[in-house]
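Asker: For reference, the structure I am asking about is given below.
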Amino acid sequence: MRLSTRVALVVGTLVPVLVLAGGAVLLRMVANDLHKQQDALLRERASAVIPEARALLRAAAKHRPQATELARQRQLFDSALDVGIRLTGPGGTVSGGPQPDASVPLPAGTRVPVTVRADGARWRVLSVPVTGAGPGGRGTLWLFSPDSAARTQLGFVRRRVAAIALLTALVSGLLAWAATTRAARPLRQLQQRASGLDPRTSVARLEHVPTRVTEVDDLAHTLRTVLTRYDEQAARTAEALATARSFAASASHELRNPLMSMGTNLDILIGHPRLPEAERTEVVEDLRQEHGRVLGLLVMLRALAEGDLVEVDAFGSVDLAEVVDAAAADVRRLYPGAAVVVRADGSLRVQGWEPGLRSAVDNLLVNALVHGRTGGRTAEVEVSLSRVHDEDGPTAVLTVDDRGPGIPAAARSAVFERFHRRPDSPGSGLGLTLVAQQTALHGGRITVQDRHDGPGTRFEVRLPLTGTEDTATMVLPRMRRNWLSADTAEPQSSHKGGS
């Protein structure tokens, strides 16, 4: 059922009910006014009749001649005019005019008019005690006024109220239907525009011109918000599918050679049980290295996939100094002979995803320890964390310096590409890609520089500071979210912001 029809039925029902309720109140007021008029008439007639009633009671008490009593009765009835009268005294009852049957019980001594019902008729009755007629001359005077006129007028008003209620039901229903139909026109237009949208087949979205109808404009805004969220969710779903496909493709491609090598080594161990100990040790070492490479590759692929799919609700206020200290402590346990020095300016909070930041710092430190030494020297890594104010506002600057051979300027952009590694590198070629991904995800920049005080490489990461420990509302940067699914040949330098 259409909204206009529903409103018309509700209004067409409610308005007559209100009219009938108002009519009931009106009938009650009219009835009270009519009764007041009758009561005033009865009191007026009572004032005129009481002297004649006293005279009649005195005549009856003194046993006056019958002719005298009849004359008094006529005077009594004449003074009553258009109301019925009944006088009861020691000598009997005298009555005249319209009144109920003598068998109908009447109220005595009320002094206020009341309604009496008798044989389907209604009467207004006033009871007045008559005194001052001498010894033995006390009596009661009743005056009667038929209620038929009042009933007739009330019936007339009742019929008019019923007629008005029926008329208002029809008129109010039609007016409500017309008004609602007109008011709902912007809503129908919005429905027609929205019904033609199909996010699965078309990129067209809801176009809405404000109608100055608050409910319609709010509904249009809600629909546009829902469609926007649908687009975002569809895009995230597509990204998730692309990431899953890329994960499977990358894993199968990169794991094929190490797994084949591991299979060959296993065949050697199984097929040659008498293999010399030196050769067996070499094969086992190869197996261990290939196993480590496979495990590291899977860990890095999973980390890249998580970075591509992380949602904004995973972000919060993170103390970057604590992340760096924890990462340095773990690296020292992993490489007990290495020297890792950390200098920090105190607590520096960023709005970030803590697992992603920790993964980025871990990979920077491991990269510096693995590639940051020459000859047989012990690896030395210096980590610095400071606060600066640049064109982007308060910024945390993380630098990781090593004492390795350095990276030529022409090769620096390539180090962030997936699976790019030196021929002698034991890594997966994804560590620095993961660092670049997390830097971009947190709205930062990463650059590769020469060490300032001698040979070596410096990685510098700049991240915006929050300036507060409270979690703030955040929107993920509109940057690359396809670090795992992008073509491996694609230059991955967008994270550097032109550096």
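Naming works like this for the structure tokens: A, B, ... for the chains as they're shown, residue 1 at the start of each chain, ligands 1 onward in shown order.
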Among range 390-459 of chain A, which residues does DSSP mark as helix (DSSP H, G or I) when it is run on the backbone? Keep the chain and numbering as in the structure and answer as JSON, numbers by chain.
Answerer: {"A": [409, 410, 411, 413, 414, 415, 416, 431, 432, 433, 434, 435, 436, 437, 438, 439, 440, 441]}
Asker: So that I can check the surroundings of Val116 in chain A, please list as JSON, numbers by chain every protein, DNA and RNA residue that reaches within 12 Å of it, counting only C-alpha atoms and ignoring chain neighbours fewer than 5 positions away.
Answerer: {"A": [99, 100, 101, 104, 105, 106, 107, 121, 122, 123, 124, 125, 126, 127, 143, 144, 145, 146, 147]}
Asker: Which residues come within 8 Å of Ala328 in chain A, counting only C-alpha atoms, excluding same-chain residues fewer than 3 positions away, as a JSON list (two decimals) with all heavy atoms, in the first residue's frame?
Answerer:
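Wrote it out as part-v4.json, contents follow:
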[["chain", "number", "residue", "atom", "x", "y", "z"],
["A", 324, "VAL", "N", 61.47, 0.54, 18.40],
["A", 324, "VAL", "CA", 62.89, 0.46, 18.02],
["A", 324, "VAL", "C", 63.69, -0.27, 19.10],
["A", 324, "VAL", "O", 64.54, -1.13, 18.80],
["A", 324, "VAL", "CB", 63.44, 1.86, 17.75],
["A", 324, "VAL", "CG1", 64.96, 1.82, 17.56],
["A", 324, "VAL", "CG2", 62.77, 2.48, 16.53],
["A", 325, "ASP", "N", 63.48, 0.04, 20.38],
["A", 325, "ASP", "CA", 64.21, -0.61, 21.46],
["A", 325, "ASP", "C", 63.93, -2.11, 21.48],
["A", 325, "ASP", "O", 64.86, -2.93, 21.66],
["A", 325, "ASP", "CB", 63.81, 0.00, 22.80],
["A", 325, "ASP", "CG", 64.38, 1.40, 23.00],
["A", 325, "ASP", "OD1", 65.36, 1.73, 22.30],
["A", 325, "ASP", "OD2", 63.83, 2.16, 23.81],
["A", 331, "VAL", "N", 67.32, -8.26, 17.90],
["A", 331, "VAL", "CA", 68.42, -8.43, 16.95],
["A", 331, "VAL", "C", 69.72, -8.76, 17.68],
["A", 331, "VAL", "O", 70.54, -9.59, 17.22],
["A", 331, "VAL", "CB", 68.57, -7.16, 16.08],
["A", 331, "VAL", "CG1", 69.89, -7.16, 15.34],
["A", 331, "VAL", "CG2", 67.42, -7.07, 15.09],
["A", 332, "ARG", "N", 69.94, -8.15, 18.83],
["A", 332, "ARG", "CA", 71.15, -8.45, 19.61],
["A", 332, "ARG", "C", 71.17, -9.92, 20.05],
["A", 332, "ARG", "O", 72.23, -10.56, 20.09],
["A", 332, "ARG", "CB", 71.24, -7.54, 20.83],
["A", 332, "ARG", "CG", 71.49, -6.07, 20.51],
["A", 332, "ARG", "CD", 71.77, -5.28, 21.78],
["A", 332, "ARG", "NE", 71.87, -3.84, 21.51],
["A", 332, "ARG", "CZ", 70.90, -2.97, 21.77],
["A", 332, "ARG", "NH1", 69.75, -3.39, 22.29],
["A", 332, "ARG", "NH2", 71.06, -1.69, 21.50],
["A", 340, "VAL", "N", 74.95, -3.10, 18.04],
["A", 340, "VAL", "CA", 73.76, -2.32, 17.67],
["A", 340, "VAL", "C", 73.61, -1.22, 18.70],
["A", 340, "VAL", "O", 73.37, -1.48, 19.89],
["A", 340, "VAL", "CB", 72.50, -3.19, 17.61],
["A", 340, "VAL", "CG1", 71.30, -2.34, 17.23],
["A", 340, "VAL", "CG2", 72.68, -4.34, 16.64],
["A", 342, "VAL", "N", 71.64, 2.30, 19.81],
["A", 342, "VAL", "CA", 70.37, 3.03, 19.61],
["A", 342, "VAL", "C", 70.44, 4.35, 20.37],
["A", 342, "VAL", "O", 70.76, 4.37, 21.57],
["A", 342, "VAL", "CB", 69.16, 2.21, 20.09],
["A", 342, "VAL", "CG1", 67.87, 3.02, 19.92],
["A", 342, "VAL", "CG2", 69.06, 0.90, 19.32],
["A", 362, "ASP", "N", 62.48, -4.26, 12.14],
["A", 362, "ASP", "CA", 63.22, -5.52, 12.16],
["A", 362, "ASP", "C", 63.99, -5.73, 10.86],
["A", 362, "ASP", "O", 65.18, -6.10, 10.86],
["A", 362, "ASP", "CB", 62.27, -6.69, 12.38],
["A", 362, "ASP", "CG", 61.79, -6.79, 13.83],
["A", 362, "ASP", "OD1", 62.45, -6.20, 14.71],
["A", 362, "ASP", "OD2", 60.78, -7.47, 14.07],
["A", 365, "LEU", "N", 67.01, -3.39, 10.45],
["A", 365, "LEU", "CA", 68.16, -3.79, 11.26],
["A", 365, "LEU", "C", 68.82, -5.05, 10.71],
["A", 365, "LEU", "O", 70.06, -5.13, 10.64],
["A", 365, "LEU", "CB", 67.71, -4.01, 12.71],
["A", 365, "LEU", "CG", 67.18, -2.77, 13.45],
["A", 365, "LEU", "CD1", 66.78, -3.13, 14.87],
["A", 365, "LEU", "CD2", 68.22, -1.67, 13.46]]
Asker: Do you know which residues are at most 12 Å from Glu380 in chain A counting only C-alpha atoms, after dropping those on the same chain fewer than 6 positions away, and could you put them as a list in words?
Answerer: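 The residues that qualify are Arg332, Tyr335, Pro336, Gly337, Ala338, Ala339, Val340, Val341, Val342, Leu365, Val366, Asn367, Ala368, Leu369, Val370, His371, Gly372, Arg373, Thr374, Val400, Asp401, Asp402, Arg403, Gly404, Gly456 and Thr457 of chain A.
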Asker: Next, dump the selected residues to file, keeping only N, CA, C and O atoms, as a tab-separated table (two decimals), in the first residue's frame.
Answerer:
chain	number	residue	atom	x	y	z
A	332	ARG	N	69.94	-8.15	18.83
A	332	ARG	CA	71.15	-8.45	19.61
A	332	ARG	C	71.17	-9.92	20.05
A	332	ARG	O	72.23	-10.56	20.09
A	335	TYR	N	71.90	-11.93	16.75
A	335	TYR	CA	73.29	-11.75	16.29
A	335	TYR	C	74.13	-11.31	17.50
A	335	TYR	O	74.39	-10.11	17.68
A	336	PRO	N	74.54	-12.25	18.32
A	336	PRO	CA	75.22	-11.86	19.58
A	336	PRO	C	76.55	-11.16	19.37
A	336	PRO	O	77.01	-10.41	20.24
A	337	GLY	N	77.21	-11.36	18.22
A	337	GLY	CA	78.49	-10.70	18.01
A	337	GLY	C	78.39	-9.33	17.40
A	337	GLY	O	79.42	-8.63	17.25
A	338	ALA	N	77.21	-8.90	17.01
A	338	ALA	CA	77.03	-7.62	16.33
A	338	ALA	C	76.92	-6.49	17.35
A	338	ALA	O	76.53	-6.68	18.51
A	339	ALA	N	77.26	-5.29	16.88
A	339	ALA	CA	77.15	-4.09	17.72
A	339	ALA	C	75.99	-3.24	17.22
A	339	ALA	O	76.02	-2.73	16.10
A	340	VAL	N	74.95	-3.10	18.04
A	340	VAL	CA	73.76	-2.32	17.67
A	340	VAL	C	73.61	-1.22	18.70
A	340	VAL	O	73.37	-1.48	19.89
A	341	VAL	N	73.79	0.03	18.26
A	341	VAL	CA	73.70	1.18	19.16
A	341	VAL	C	72.44	1.97	18.80
A	341	VAL	O	72.21	2.30	17.63
A	342	VAL	N	71.64	2.30	19.81
A	342	VAL	CA	70.37	3.03	19.61
A	342	VAL	C	70.44	4.35	20.37
A	342	VAL	O	70.76	4.37	21.57
A	365	LEU	N	67.01	-3.39	10.45
A	365	LEU	CA	68.16	-3.79	11.26
A	365	LEU	C	68.82	-5.05	10.71
A	365	LEU	O	70.06	-5.13	10.64
A	366	VAL	N	68.02	-6.05	10.33
A	366	VAL	CA	68.60	-7.28	9.79
A	366	VAL	C	69.33	-7.00	8.48
A	366	VAL	O	70.43	-7.53	8.23
A	367	ASN	N	68.74	-6.14	7.65
A	367	ASN	CA	69.42	-5.79	6.40
A	367	ASN	C	70.77	-5.13	6.66
A	367	ASN	O	71.77	-5.42	5.99
A	368	ALA	N	70.80	-4.24	7.66
A	368	ALA	CA	72.06	-3.56	7.99
A	368	ALA	C	73.09	-4.54	8.55
A	368	ALA	O	74.30	-4.44	8.25
A	369	LEU	N	72.64	-5.50	9.35
A	369	LEU	CA	73.58	-6.46	9.93
A	369	LEU	C	74.11	-7.45	8.89
A	369	LEU	O	75.28	-7.84	8.94
A	370	VAL	N	73.25	-7.85	7.94
A	370	VAL	CA	73.67	-8.84	6.94
A	370	VAL	C	74.56	-8.19	5.88
A	370	VAL	O	75.59	-8.76	5.47
A	371	HIS	N	74.17	-6.99	5.40
A	371	HIS	CA	74.89	-6.37	4.29
A	371	HIS	C	75.80	-5.22	4.73
A	371	HIS	O	76.47	-4.63	3.89
A	372	GLY	N	75.81	-4.91	6.01
A	372	GLY	CA	76.55	-3.74	6.46
A	372	GLY	C	77.92	-4.04	7.02
A	372	GLY	O	78.32	-3.38	7.99
A	373	ARG	N	78.61	-4.99	6.49
A	373	ARG	CA	79.96	-5.26	6.96
A	373	ARG	C	80.83	-5.69	5.78
A	373	ARG	O	80.32	-6.20	4.77
A	374	THR	N	82.09	-5.48	5.91
A	374	THR	CA	83.05	-5.85	4.87
A	374	THR	C	84.13	-6.72	5.47
A	374	THR	O	84.54	-6.53	6.64
A	400	VAL	N	69.06	4.35	10.06
A	400	VAL	CA	69.80	3.12	10.34
A	400	VAL	C	71.07	3.17	9.49
A	400	VAL	O	71.00	3.15	8.25
A	401	ASP	N	72.22	3.25	10.15
A	401	ASP	CA	73.52	3.35	9.47
A	401	ASP	C	74.29	2.05	9.63
A	401	ASP	O	74.32	1.46	10.72
A	402	ASP	N	74.91	1.61	8.54
A	402	ASP	CA	75.83	0.46	8.62
A	402	ASP	C	77.19	0.87	8.08
A	402	ASP	O	77.38	1.98	7.59
A	403	ARG	N	78.16	-0.06	8.15
A	403	ARG	CA	79.52	0.21	7.66
A	403	ARG	C	79.88	-0.75	6.53
A	403	ARG	O	81.01	-1.23	6.43
A	404	GLY	N	78.88	-1.02	5.69
A	404	GLY	CA	79.11	-1.90	4.55
A	404	GLY	C	79.68	-1.17	3.36
A	404	GLY	O	80.09	0.00	3.44
A	456	GLY	N	79.55	3.26	3.92
A	456	GLY	CA	78.37	2.61	4.48
A	456	GLY	C	77.10	3.19	3.89
A	456	GLY	O	77.12	4.08	3.03
A	457	THR	N	75.99	2.68	4.37
A	457	THR	CA	74.67	3.06	3.84
A	457	THR	C	73.80	3.56	4.99
A	457	THR	O	73.86	3.03	6.10
Asker: Any idea what's packed within 7 Å of Thr399 in chain A, counting only C-alpha atoms, ignoring anything in its chain fewer than 4 positions away? Could you give it as a list in words?
Answerer: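 With the cut-off at 7 Å, the set is Val383, Ser384, Leu385, Arg458, Phe459, Glu460 and Val461 of chain A.
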Asker: Would you write out those residues with all heavy atoms, as a compact mmCIF listing (two decimals), in the first residue's frame?
Answerer:
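result_7.txt, freshly written:
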# COMPACT_ATOMS: atom_id res chain seq x y z
N VAL A 383 71.56 3.20 15.19
CA VAL A 383 70.15 3.56 14.99
C VAL A 383 69.90 4.88 15.72
O VAL A 383 70.24 5.02 16.91
CB VAL A 383 69.20 2.47 15.52
CG1 VAL A 383 67.75 2.85 15.26
CG2 VAL A 383 69.54 1.13 14.89
N SER A 384 69.29 5.82 15.02
CA SER A 384 68.98 7.11 15.63
C SER A 384 67.50 7.42 15.41
O SER A 384 66.96 7.20 14.32
CB SER A 384 69.85 8.20 15.00
OG SER A 384 69.46 9.48 15.46
N LEU A 385 66.86 7.93 16.45
CA LEU A 385 65.45 8.32 16.37
C LEU A 385 65.32 9.72 16.95
O LEU A 385 65.66 9.96 18.12
CB LEU A 385 64.58 7.34 17.16
CG LEU A 385 63.07 7.57 17.11
CD1 LEU A 385 62.55 7.46 15.68
CD2 LEU A 385 62.34 6.58 18.02
N ARG A 458 73.01 4.58 4.68
CA ARG A 458 72.02 5.08 5.64
C ARG A 458 70.63 4.95 5.03
O ARG A 458 70.36 5.43 3.93
CB ARG A 458 72.28 6.53 6.00
CG ARG A 458 71.08 7.23 6.68
CD ARG A 458 71.38 8.61 7.16
NE ARG A 458 72.27 8.57 8.34
CZ ARG A 458 72.61 9.64 9.05
NH1 ARG A 458 72.16 10.83 8.68
NH2 ARG A 458 73.41 9.54 10.09
N PHE A 459 69.73 4.31 5.77
CA PHE A 459 68.30 4.29 5.43
C PHE A 459 67.61 5.27 6.36
O PHE A 459 67.74 5.15 7.60
CB PHE A 459 67.71 2.89 5.59
CG PHE A 459 68.08 1.94 4.48
CD1 PHE A 459 69.25 1.21 4.53
CD2 PHE A 459 67.25 1.80 3.39
CE1 PHE A 459 69.59 0.34 3.51
CE2 PHE A 459 67.58 0.93 2.36
CZ PHE A 459 68.75 0.19 2.42
N GLU A 460 66.89 6.21 5.78
CA GLU A 460 66.21 7.23 6.58
C GLU A 460 64.70 7.13 6.34
O GLU A 460 64.23 7.18 5.20
CB GLU A 460 66.70 8.62 6.21
CG GLU A 460 66.01 9.73 7.04
CD GLU A 460 66.47 11.12 6.64
OE1 GLU A 460 67.48 11.58 7.17
OE2 GLU A 460 65.79 11.72 5.77
N VAL A 461 63.97 6.97 7.42
CA VAL A 461 62.50 6.86 7.37
C VAL A 461 61.91 8.04 8.12
O VAL A 461 62.28 8.30 9.28
CB VAL A 461 62.01 5.54 7.99
CG1 VAL A 461 60.49 5.49 7.98
CG2 VAL A 461 62.58 4.35 7.24
Asker: Could you state the separation of CA of Val94 in chain A and CA of Ala118 in chain A in Å, given to one decimal place?
Answerer: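 So the answer is 19.8 Å.
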Asker: Using only C-alpha atoms, which residues sit within 10 Å of range 257-262 of chain A once same-chain residues fewer than 3 positions away are excluded, as a list in words?
Answerer: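 Selected residues are Ser252, His253, Glu254, Asn265, Leu266, Asp267, Ile268, Val283, Val284, Asp286, Leu287, Arg288, Gln289, Glu290, His291, Gly292, Arg293 and Val294 of chain A.
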Asker: Any chance you could export the current selection's N, CA, C and O atoms as a PDB file, in the first residue's frame?
Answerer:
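Once written, again-v2.pdb looks like this:
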ATOM      1  N   SER A 252      54.406 -20.000  -5.382  1.00  0.00           N
ATOM      2  CA  SER A 252      54.724 -21.140  -6.259  1.00  0.00           C
ATOM      3  C   SER A 252      55.949 -20.857  -7.118  1.00  0.00           C
ATOM      4  O   SER A 252      56.775 -21.749  -7.360  1.00  0.00           O
ATOM      5  N   HIS A 253      56.082 -19.594  -7.583  1.00  0.00           N
ATOM      6  CA  HIS A 253      57.224 -19.260  -8.444  1.00  0.00           C
ATOM      7  C   HIS A 253      58.533 -19.241  -7.658  1.00  0.00           C
ATOM      8  O   HIS A 253      59.548 -19.824  -8.080  1.00  0.00           O
ATOM      9  N   GLU A 254      58.533 -18.596  -6.501  1.00  0.00           N
ATOM     10  CA  GLU A 254      59.765 -18.434  -5.748  1.00  0.00           C
ATOM     11  C   GLU A 254      60.147 -19.694  -4.967  1.00  0.00           C
ATOM     12  O   GLU A 254      61.314 -19.892  -4.647  1.00  0.00           O
ATOM     13  N   ASN A 265      68.488 -32.805  -2.726  1.00  0.00           N
ATOM     14  CA  ASN A 265      69.341 -33.129  -1.582  1.00  0.00           C
ATOM     15  C   ASN A 265      68.779 -34.288  -0.776  1.00  0.00           C
ATOM     16  O   ASN A 265      69.536 -35.145  -0.282  1.00  0.00           O
ATOM     17  N   LEU A 266      67.471 -34.332  -0.630  1.00  0.00           N
ATOM     18  CA  LEU A 266      66.865 -35.459   0.083  1.00  0.00           C
ATOM     19  C   LEU A 266      67.077 -36.764  -0.672  1.00  0.00           C
ATOM     20  O   LEU A 266      67.322 -37.824  -0.066  1.00  0.00           O
ATOM     21  N   ASP A 267      66.961 -36.705  -2.019  1.00  0.00           N
ATOM     22  CA  ASP A 267      67.218 -37.918  -2.817  1.00  0.00           C
ATOM     23  C   ASP A 267      68.648 -38.400  -2.632  1.00  0.00           C
ATOM     24  O   ASP A 267      68.917 -39.619  -2.567  1.00  0.00           O
ATOM     25  N   ILE A 268      69.565 -37.437  -2.551  1.00  0.00           N
ATOM     26  CA  ILE A 268      70.971 -37.817  -2.353  1.00  0.00           C
ATOM     27  C   ILE A 268      71.140 -38.500  -1.006  1.00  0.00           C
ATOM     28  O   ILE A 268      71.806 -39.552  -0.895  1.00  0.00           O
ATOM     29  N   VAL A 283      75.480 -31.526   2.282  1.00  0.00           N
ATOM     30  CA  VAL A 283      74.095 -31.648   1.804  1.00  0.00           C
ATOM     31  C   VAL A 283      73.119 -31.193   2.878  1.00  0.00           C
ATOM     32  O   VAL A 283      72.131 -30.480   2.605  1.00  0.00           O
ATOM     33  N   VAL A 284      73.374 -31.598   4.125  1.00  0.00           N
ATOM     34  CA  VAL A 284      72.481 -31.187   5.218  1.00  0.00           C
ATOM     35  C   VAL A 284      72.506 -29.673   5.398  1.00  0.00           C
ATOM     36  O   VAL A 284      71.478 -29.035   5.652  1.00  0.00           O
ATOM     37  N   ASP A 286      73.082 -27.492   3.054  1.00  0.00           N
ATOM     38  CA  ASP A 286      72.273 -26.944   1.957  1.00  0.00           C
ATOM     39  C   ASP A 286      70.789 -27.045   2.272  1.00  0.00           C
ATOM     40  O   ASP A 286      70.014 -26.109   2.007  1.00  0.00           O
ATOM     41  N   LEU A 287      70.380 -28.181   2.818  1.00  0.00           N
ATOM     42  CA  LEU A 287      68.970 -28.348   3.197  1.00  0.00           C
ATOM     43  C   LEU A 287      68.552 -27.315   4.243  1.00  0.00           C
ATOM     44  O   LEU A 287      67.471 -26.740   4.174  1.00  0.00           O
ATOM     45  N   ARG A 288      69.415 -27.104   5.217  1.00  0.00           N
ATOM     46  CA  ARG A 288      69.095 -26.135   6.266  1.00  0.00           C
ATOM     47  C   ARG A 288      68.943 -24.734   5.698  1.00  0.00           C
ATOM     48  O   ARG A 288      68.018 -24.001   6.039  1.00  0.00           O
ATOM     49  N   GLN A 289      69.847 -24.349   4.787  1.00  0.00           N
ATOM     50  CA  GLN A 289      69.773 -23.020   4.188  1.00  0.00           C
ATOM     51  C   GLN A 289      68.526 -22.870   3.320  1.00  0.00           C
ATOM     52  O   GLN A 289      67.859 -21.828   3.350  1.00  0.00           O
ATOM     53  N   GLU A 290      68.230 -23.911   2.527  1.00  0.00           N
ATOM     54  CA  GLU A 290      67.035 -23.830   1.676  1.00  0.00           C
ATOM     55  C   GLU A 290      65.764 -23.778   2.533  1.00  0.00           C
ATOM     56  O   GLU A 290      64.811 -23.066   2.212  1.00  0.00           O
ATOM     57  N   HIS A 291      65.782 -24.559   3.629  1.00  0.00           N
ATOM     58  CA  HIS A 291      64.622 -24.515   4.526  1.00  0.00           C
ATOM     59  C   HIS A 291      64.455 -23.110   5.111  1.00  0.00           C
ATOM     60  O   HIS A 291      63.346 -22.571   5.190  1.00  0.00           O
ATOM     61  N   GLY A 292      65.558 -22.507   5.547  1.00  0.00           N
ATOM     62  CA  GLY A 292      65.476 -21.155   6.074  1.00  0.00           C
ATOM     63  C   GLY A 292      65.000 -20.160   5.040  1.00  0.00           C
ATOM     64  O   GLY A 292      64.221 -19.251   5.345  1.00  0.00           O
ATOM     65  N   ARG A 293      65.450 -20.352   3.799  1.00  0.00           N
ATOM     66  CA  ARG A 293      65.011 -19.439   2.740  1.00  0.00           C
ATOM     67  C   ARG A 293      63.516 -19.593   2.477  1.00  0.00           C
ATOM     68  O   ARG A 293      62.795 -18.600   2.321  1.00  0.00           O
ATOM     69  N   VAL A 294      63.040 -20.837   2.419  1.00  0.00           N
ATOM     70  CA  VAL A 294      61.602 -21.071   2.196  1.00  0.00           C
ATOM     71  C   VAL A 294      60.786 -20.465   3.333  1.00  0.00           C
ATOM     72  O   VAL A 294      59.771 -19.784   3.111  1.00  0.00           O
TER      73      VAL A 294
END
Asker: For Glu322 in chain A, which of A:Ala238, A:Val361, A:Leu223, A:Val112 is the closest residue, counting only C-alpha atoms?
Answerer: A:Val361
Asker: Would you work out the distance separating CA of Val10 in chain A from CA of Trp177 in chain A, expressed in Å to one decimal?
Answerer: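 Result for CA of Val10 in chain A versus CA of Trp177 in chain A: 10.1 Å, one decimal.
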Asker: Considering only C-alpha atoms, can you say which of A:Arg28, A:Arg387, A:Arg256, A:Arg333 comes closest to Leu348 in chain A?
Answerer: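 Counting only C-alpha atoms, the residue closest to Leu348 in chain A is A:Arg387.
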Asker: Counting only C-alpha atoms, what is within 12 Å of Thr214 in chain A, bar same-chain residues fewer than 5 positions away, as an MDAnalysis selection string?
Answerer: chainID A and resid 183 186:187 219:221
Asker: With N, CA, C and O atoms retained, write the just-selected residues as a short mmCIF file (atom, residue, chain, number, x, y, z; two decimals), in the first residue's frame.
Answerer:
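part_34.cif, freshly written:
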data_model
loop_
_atom_site.label_atom_id
_atom_site.label_comp_id
_atom_site.auth_asym_id
_atom_site.auth_seq_id
_atom_site.Cartn_x
_atom_site.Cartn_y
_atom_site.Cartn_z
N ALA A 183 3.80 15.70 -1.39
CA ALA A 183 4.99 15.73 -0.53
C ALA A 183 5.93 14.56 -0.81
O ALA A 183 7.14 14.67 -0.63
N PRO A 186 9.27 14.06 -4.24
CA PRO A 186 10.74 13.94 -4.23
C PRO A 186 11.21 12.55 -3.82
O PRO A 186 12.23 12.07 -4.32
N LEU A 187 10.47 11.90 -2.93
CA LEU A 187 10.85 10.55 -2.51
C LEU A 187 10.69 9.57 -3.67
O LEU A 187 11.54 8.69 -3.87
N LEU A 219 17.87 10.76 3.40
CA LEU A 219 17.84 9.43 2.79
C LEU A 219 18.78 9.35 1.60
O LEU A 219 19.50 8.36 1.42
N ALA A 220 18.81 10.41 0.78
CA ALA A 220 19.73 10.42 -0.36
C ALA A 220 21.17 10.37 0.11
O ALA A 220 22.01 9.65 -0.47
N HIS A 221 21.47 11.13 1.17
CA HIS A 221 22.83 11.10 1.71
C HIS A 221 23.19 9.70 2.22
O HIS A 221 24.30 9.20 2.01
#
Asker: Which one is closest to Val299 in chain A: A:Gly431, A:Pro394, A:Pro210, A:Gly92? Count only C-alpha atoms.
Answerer: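 Result for the nearest residue to Val299 in chain A: A:Gly431.
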Asker: Go ahead and compute the interatomic distance for CA of Asp33 in chain A and CA of Pro98 in chain A, in Å to one decimal.
Answerer: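 Those two atoms sit 22.1 Å apart.
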Asker: In terms of the shortest atom-to-atom distance over only C-alpha atoms, which of A:Ala314, A:Val415, A:Ala179, A:Leu27 is closest to Val161 in chain A?
Answerer: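 Distance minimum relative to Val161 in chain A lands on A:Leu27.
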